[in-house]
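Some notes on the structure that comes next.
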Amino acid sequence: MKILFWLPQADASTWLHGLARALPGAELREWQPGDNAAADYAVVWRPPRELLSARPGLRAIFNLGAGVDAILALEREQPGTLPRDALLVRLEDSGMADQMCEYVQHAVLRYLRRFDDYALAQARGEWHVLAPHPRETFTVGVLGLGVLGAQVARSVAALGVPVRGFSRSARHLDGIATWSGPLHGEQFYAFLDGVKLLVNLLPATPDTENILDARVFARLERGAYVVNVARGTHLAEQDLLDALADGTLAAATLDVFREEPLPPDHLFWRETRITITPHSSALTLRDEAISQIADKIEALARGETVSGVVHIERGY
Ligand code: NAP
Ligand code: GLV
């Protein structure tokens with residue numbers, strides 16, 4: 001079997017060696033511009049269009065991450081980019097959920113105990129004891145209850161704060177209040193009412209673009225917190241700055257941005273109420289990702305079905 005590989009980062013050769021060890025019978029090659037030769041599978045992250053288009057015979061594209069928005073954007077811009085019969089398969093957890101849980105738990109505890117306010121007080125040389133937020137009303141809302149969102153919701157509930165979640169279709173999670181339906185529908189607003197800290201773990205699709213906007217911020221508890229760990233396109237940036245300026249929101253933690261790296265002159269760098277991390281809340285772990293993908297390639301080669309197949313029209 002022939003496998004094409006594309007990962008625009010420095011340790012790509014280590015990944016190739018790992019894949020070769022996991023799939024000893026496979027013929028692996030790193031894609032180079034102009035390579036239009038046949039392949040059975042592609043293992044890629046943010047591939048150039050030429051890698052995917054005009055590649056008849058491709059059986060499946062494995063995305064080296066959970067979010068497939070970059071690949072689906074190529075298809076939306078130029079329909080037919082994705083080979084017609086190829087499955088698009090994304091990573092399912094593969095070590096990302098634990099990292100995401102740690103990241104979100106940290107943000108919840110930091111805001112609950114007001115460590116963000118203590119850091120600002122320290123910068124001013126001020127010694128004040130601040131009352132922590134009451135735990136029982138520090139309601140955390142998780143937008144998106146998929147592979148990552150469901151585990152994040154459970155891990156935050158273990159901190160003893162009330163947790164609720166929202167998804168497109170109905171989900172049941174023990175101990176977590178759930179709502180479902182269309183974004184900006186009645187159920188969505190019922191979910192938002194009373195939320196003190198909103199975590200976004202939706203996929204980036206045309207439906208979810210700018211979902212973190214003034215309308216949503218206004219429905220949260222006054223002085224709420226926003227944690228965006230999904231994609232930068234979910235956030236209406238000026239709405240966030242306005243909401244921080246007028247007290248609608250108290251602070252935000254952002255791991256993802258419309259432009260990455262975040263440009264040095266971006267206003268977010270200068271807003272002390274915004275905490276920035278460089279798209280590092282849940283990294284793709286090499287060994288876990290290779291093992292999951294190799295197992296799925298072997299299953300497909302045996303004619304079996306696999307999980308994690310993206311529904312192209314739905315966008316995730
Ligand atoms: P997933 O399993 O596909 O879950 C997506 C969830 O969002 C599902 O619960 C889905 O509802 C819900 N959803 C989708 N569209 C919706 C809509 N229009 N309205 C309401 N709910 C909607 O995805 P995942 O593996 O948890 O990953 C989520 C996202 O996290 C990825 O797409 C990626 O962008 C991001 N991510 C970021 C990092 C990072 O380092 N920052 C790392 C990994 C992933 P249903 O349950 O009804 O389908
Ligand atoms: C990272 O952002 C991912 O989608 O896995």
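Chain labels follow the order of the structure tokens: the first chain is A, the next B, and so on; residue numbering restarts at 1 in every chain, and ligands are counted from 1 in their shown order.
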
Selection near Gly149 of chain A, 9 Å with only C-alpha atoms, sequence-local residues under 4 positions removed, as a PyMOL selection string = chain A and resi 97+100-101+142-145+153-154+165+199-202

request  = Any chance you could list, as a PyMOL selection string, the residues in segment 71-264 of chain A that come up alpha helix (DSSP H) when DSSP is run on the backbone?
outcome  = chain A and resi 71-77+96-112+115-123+147-157+186-192+214-219+237-245

Shell of 7 Å around ligand 1 (only C-alpha atoms and all ligand atoms), written as a ChimeraX atom specification = /A:65-68,92-93,96,143-149,166-171,180-183,201-204,207-208,229-231,255-256,279-283,316

Expected file: the selected residues, C-alpha atoms, as a CSV table (one decimal), in the first residue's frame:
```csv
chain,number,residue,atom,x,y,z
A,65,GLY,CA,-5.6,16.6,14.3
A,66,ALA,CA,-9.2,16.7,15.5
A,67,GLY,CA,-10.3,19.7,13.5
A,68,VAL,CA,-10.6,19.3,9.7
A,92,GLU,CA,-10.3,11.0,18.0
A,93,ASP,CA,-8.7,12.0,21.3
A,96,MET,CA,-5.6,15.3,23.3
A,143,LEU,CA,-20.1,24.4,23.9
A,144,GLY,CA,-19.6,21.2,22.0
A,145,LEU,CA,-20.0,17.8,23.7
A,146,GLY,CA,-18.0,15.7,21.3
A,147,VAL,CA,-14.9,13.6,22.0
A,148,LEU,CA,-13.1,16.5,23.7
A,149,GLY,CA,-16.0,18.6,25.0
A,166,PHE,CA,-24.6,22.2,24.5
A,167,SER,CA,-24.4,20.1,21.4
A,168,ARG,CA,-26.3,19.9,18.0
A,169,SER,CA,-27.9,16.5,18.8
A,170,ALA,CA,-29.1,15.5,22.3
A,171,ARG,CA,-26.3,14.0,24.6
A,180,SER,CA,-29.2,20.7,22.3
A,181,GLY,CA,-30.5,22.2,19.0
A,182,PRO,CA,-29.6,25.0,16.6
A,183,LEU,CA,-27.2,27.7,17.6
A,201,LEU,CA,-15.1,23.2,21.9
A,202,LEU,CA,-17.1,23.4,18.8
A,203,PRO,CA,-15.6,22.5,15.4
A,204,ALA,CA,-15.1,25.4,13.0
A,207,ASP,CA,-22.6,27.4,11.2
A,208,THR,CA,-20.2,28.1,14.1
A,229,VAL,CA,-9.7,26.3,22.8
A,230,ALA,CA,-11.4,25.4,19.5
A,231,ARG,CA,-10.6,27.8,16.6
A,255,ASP,CA,-5.5,29.4,22.7
A,256,VAL,CA,-6.5,29.9,19.0
A,279,HIS,CA,-2.4,26.9,20.0
A,280,SER,CA,-1.0,24.5,22.6
A,281,SER,CA,-4.0,23.5,24.7
A,282,ALA,CA,-4.0,20.0,23.2
A,283,LEU,CA,-1.0,19.0,21.0
A,316,TYR,CA,-17.1,17.9,11.2
```

Taking only C-alpha atoms into account, produce a table as a tab-separated table in which each residue of segment 2-52 of chain A with an atom at most 7 Å from an atom of segment 290-300 of chain A appears once, together with its shortest atom pair and the distance in Å to one decimal, ordered by chain and rising number.
```
residue	atom	partner	partner_atom	distance
A:Gly18	CA	A:Ile290	CA	7.0
A:Leu19	CA	A:Ile290	CA	6.1
A:Ala22	CA	A:Ala294	CA	6.2
A:Leu23	CA	A:Ala294	CA	6.4
```

Generate the output file for the selected residues, C-alpha atoms, as a tab-separated table (two decimals), in the first residue's frame.
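Output contents, as saved in out-v4.tsv:
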```tsv
chain	number	residue	atom	x	y	z
A	18	GLY	CA	7.24	6.08	13.29
A	19	LEU	CA	4.67	5.41	10.58
A	22	ALA	CA	3.79	0.89	12.61
A	23	LEU	CA	3.03	-0.12	9.01
```

inquiry  = Using only C-alpha atoms, which protein or nucleic acid residues come within 12 Å of Arg55 of chain A? Drop anything in the same chain fewer than 4 positions from it, and give the result as JSON, numbers by chain.
reply    = {"A": [4, 34, 35, 36, 37, 38, 39, 40, 41, 42, 49, 50, 51, 59, 60, 61, 80, 81, 82, 83, 84, 85, 86]}

All strand (DSSP E) residues (DSSP, backbone) inside segment 93-245 of chain A, as an mmCIF file with N, CA, C and O atoms, in the first residue's frame:
```cif
data_model
loop_
_atom_site.group_PDB
_atom_site.id
_atom_site.type_symbol
_atom_site.label_atom_id
_atom_site.label_comp_id
_atom_site.auth_asym_id
_atom_site.auth_seq_id
_atom_site.Cartn_x
_atom_site.Cartn_y
_atom_site.Cartn_z
ATOM 1 N N VAL A 140 -20.150 26.497 34.758
ATOM 2 C CA VAL A 140 -19.318 26.374 33.554
ATOM 3 C C VAL A 140 -20.168 25.770 32.438
ATOM 4 O O VAL A 140 -20.809 24.731 32.624
ATOM 5 N N GLY A 141 -20.183 26.434 31.292
ATOM 6 C CA GLY A 141 -20.917 25.930 30.122
ATOM 7 C C GLY A 141 -19.928 25.475 29.072
ATOM 8 O O GLY A 141 -19.002 26.224 28.731
ATOM 9 N N VAL A 142 -20.106 24.266 28.576
ATOM 10 C CA VAL A 142 -19.200 23.746 27.541
ATOM 11 C C VAL A 142 -19.972 23.662 26.224
ATOM 12 O O VAL A 142 -20.956 22.932 26.111
ATOM 13 N N LEU A 143 -19.502 24.427 25.258
ATOM 14 C CA LEU A 143 -20.119 24.431 23.926
ATOM 15 C C LEU A 143 -19.452 23.345 23.102
ATOM 16 O O LEU A 143 -18.252 23.427 22.826
ATOM 17 N N VAL A 163 -21.844 22.228 36.042
ATOM 18 C CA VAL A 163 -21.410 22.171 34.635
ATOM 19 C C VAL A 163 -22.610 21.849 33.762
ATOM 20 O O VAL A 163 -23.472 21.044 34.125
ATOM 21 N N ARG A 164 -22.666 22.509 32.623
ATOM 22 C CA ARG A 164 -23.709 22.208 31.634
ATOM 23 C C ARG A 164 -23.067 22.201 30.246
ATOM 24 O O ARG A 164 -21.972 22.736 30.045
ATOM 25 N N GLY A 165 -23.768 21.579 29.311
ATOM 26 C CA GLY A 165 -23.186 21.469 27.967
ATOM 27 C C GLY A 165 -24.219 21.653 26.884
ATOM 28 O O GLY A 165 -25.428 21.491 27.114
ATOM 29 N N PHE A 166 -23.718 21.998 25.696
ATOM 30 C CA PHE A 166 -24.602 22.193 24.540
ATOM 31 C C PHE A 166 -24.017 21.494 23.320
ATOM 32 O O PHE A 166 -22.809 21.558 23.067
ATOM 33 N N SER A 167 -24.881 20.800 22.592
ATOM 34 C CA SER A 167 -24.447 20.146 21.353
ATOM 35 C C SER A 167 -25.575 20.224 20.333
ATOM 36 O O SER A 167 -26.689 20.644 20.654
ATOM 37 N N ALA A 177 -25.925 18.952 33.122
ATOM 38 C CA ALA A 177 -27.167 19.364 32.453
ATOM 39 C C ALA A 177 -26.851 19.622 30.981
ATOM 40 O O ALA A 177 -25.858 20.297 30.674
ATOM 41 N N THR A 178 -27.662 19.078 30.089
ATOM 42 C CA THR A 178 -27.353 19.257 28.664
ATOM 43 C C THR A 178 -28.530 19.852 27.903
ATOM 44 O O THR A 178 -29.685 19.595 28.230
ATOM 45 N N TRP A 179 -28.203 20.650 26.917
ATOM 46 C CA TRP A 179 -29.175 21.233 26.004
ATOM 47 C C TRP A 179 -28.704 20.922 24.589
ATOM 48 O O TRP A 179 -27.501 20.706 24.362
ATOM 49 N N SER A 180 -29.606 20.945 23.639
ATOM 50 C CA SER A 180 -29.203 20.701 22.253
ATOM 51 C C SER A 180 -30.140 21.430 21.305
ATOM 52 O O SER A 180 -31.228 21.868 21.701
ATOM 53 N N LEU A 197 -18.689 30.832 33.172
ATOM 54 C CA LEU A 197 -17.470 30.606 32.380
ATOM 55 C C LEU A 197 -17.855 29.726 31.193
ATOM 56 O O LEU A 197 -18.374 28.620 31.373
ATOM 57 N N LEU A 198 -17.631 30.266 29.990
ATOM 58 C CA LEU A 198 -18.021 29.553 28.772
ATOM 59 C C LEU A 198 -16.780 28.990 28.094
ATOM 60 O O LEU A 198 -15.830 29.725 27.801
ATOM 61 N N VAL A 199 -16.801 27.682 27.860
ATOM 62 C CA VAL A 199 -15.684 27.004 27.172
ATOM 63 C C VAL A 199 -16.160 26.654 25.768
ATOM 64 O O VAL A 199 -17.225 26.057 25.614
ATOM 65 N N ASN A 200 -15.373 27.003 24.755
ATOM 66 C CA ASN A 200 -15.776 26.650 23.393
ATOM 67 C C ASN A 200 -14.976 25.469 22.877
ATOM 68 O O ASN A 200 -13.752 25.548 22.751
ATOM 69 N N ALA A 224 -18.595 37.562 33.159
ATOM 70 C CA ALA A 224 -18.285 36.145 32.899
ATOM 71 C C ALA A 224 -16.897 36.005 32.266
ATOM 72 O O ALA A 224 -16.223 37.000 31.949
ATOM 73 N N TYR A 225 -16.500 34.745 32.102
ATOM 74 C CA TYR A 225 -15.190 34.403 31.528
ATOM 75 C C TYR A 225 -15.411 33.560 30.273
ATOM 76 O O TYR A 225 -16.362 32.773 30.220
ATOM 77 N N VAL A 226 -14.509 33.716 29.310
ATOM 78 C CA VAL A 226 -14.602 32.925 28.073
ATOM 79 C C VAL A 226 -13.271 32.222 27.848
ATOM 80 O O VAL A 226 -12.203 32.827 27.987
ATOM 81 N N VAL A 227 -13.354 30.934 27.532
ATOM 82 C CA VAL A 227 -12.153 30.143 27.234
ATOM 83 C C VAL A 227 -12.346 29.565 25.837
ATOM 84 O O VAL A 227 -13.227 28.728 25.620
ATOM 85 N N ASN A 228 -11.549 30.030 24.881
ATOM 86 C CA ASN A 228 -11.678 29.516 23.510
ATOM 87 C C ASN A 228 -10.491 28.622 23.179
ATOM 88 O O ASN A 228 -9.362 29.091 23.029
#
```

task = Considering only C-alpha atoms, return as JSON, numbers by chain whatever protein or nucleic-acid residues lie within 8 Å of Pro162 of chain A, sequence-local ones (same chain, fewer than 2 positions apart) excluded.
result = {"A": [136, 137, 138, 139, 140, 157, 160, 164, 176]}

Any chance you could export the current selection's C-alpha atoms as a PDB file, in the first residue's frame?
```pdb
ATOM      1  CA  GLU A 136     -21.978  26.770  43.706  1.00  0.00           C
ATOM      2  CA  THR A 137     -22.834  29.594  41.270  1.00  0.00           C
ATOM      3  CA  PHE A 138     -19.659  29.403  39.193  1.00  0.00           C
ATOM      4  CA  THR A 139     -21.502  27.637  36.375  1.00  0.00           C
ATOM      5  CA  VAL A 140     -19.318  26.374  33.554  1.00  0.00           C
ATOM      6  CA  ALA A 157     -17.559  18.787  37.105  1.00  0.00           C
ATOM      7  CA  GLY A 160     -17.256  20.734  42.204  1.00  0.00           C
ATOM      8  CA  ARG A 164     -23.709  22.208  31.634  1.00  0.00           C
ATOM      9  CA  ILE A 176     -24.140  17.393  33.625  1.00  0.00           C
TER      10      ILE A 176
END
```

Option closest in space to ligand 2, from A:Asn63, A:Thr253, A:Thr233, A:Gln122 [counting only C-alpha atoms and all ligand atoms] = A:Asn63

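As for atom CA of Asp213 of chain A and atom CA of Leu240 of chain A, they are spaced 7.0 Å apart.
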
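Atom CA of Glu27 of chain A to atom CA of Lys2 of chain A spans 4.7 Å [interatomic distance, one decimal].
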
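Each of A:Asp193, A:Glu288, A:Asp246, A:Glu237 was checked against Gly223 of chain A using only C-alpha atoms; the smallest atom-to-atom distance is that of A:Asp246.
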
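With atom CA of Arg286 of chain A on one side and atom CA of Ala26 of chain A on the other, the separation reads 18.2 Å.
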
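Remark: for ligand 2, the closest of the candidate residues A:His17, A:Arg46, A:Arg29, A:Arg113 is A:Arg46 (distances computed over only C-alpha atoms and all ligand atoms).
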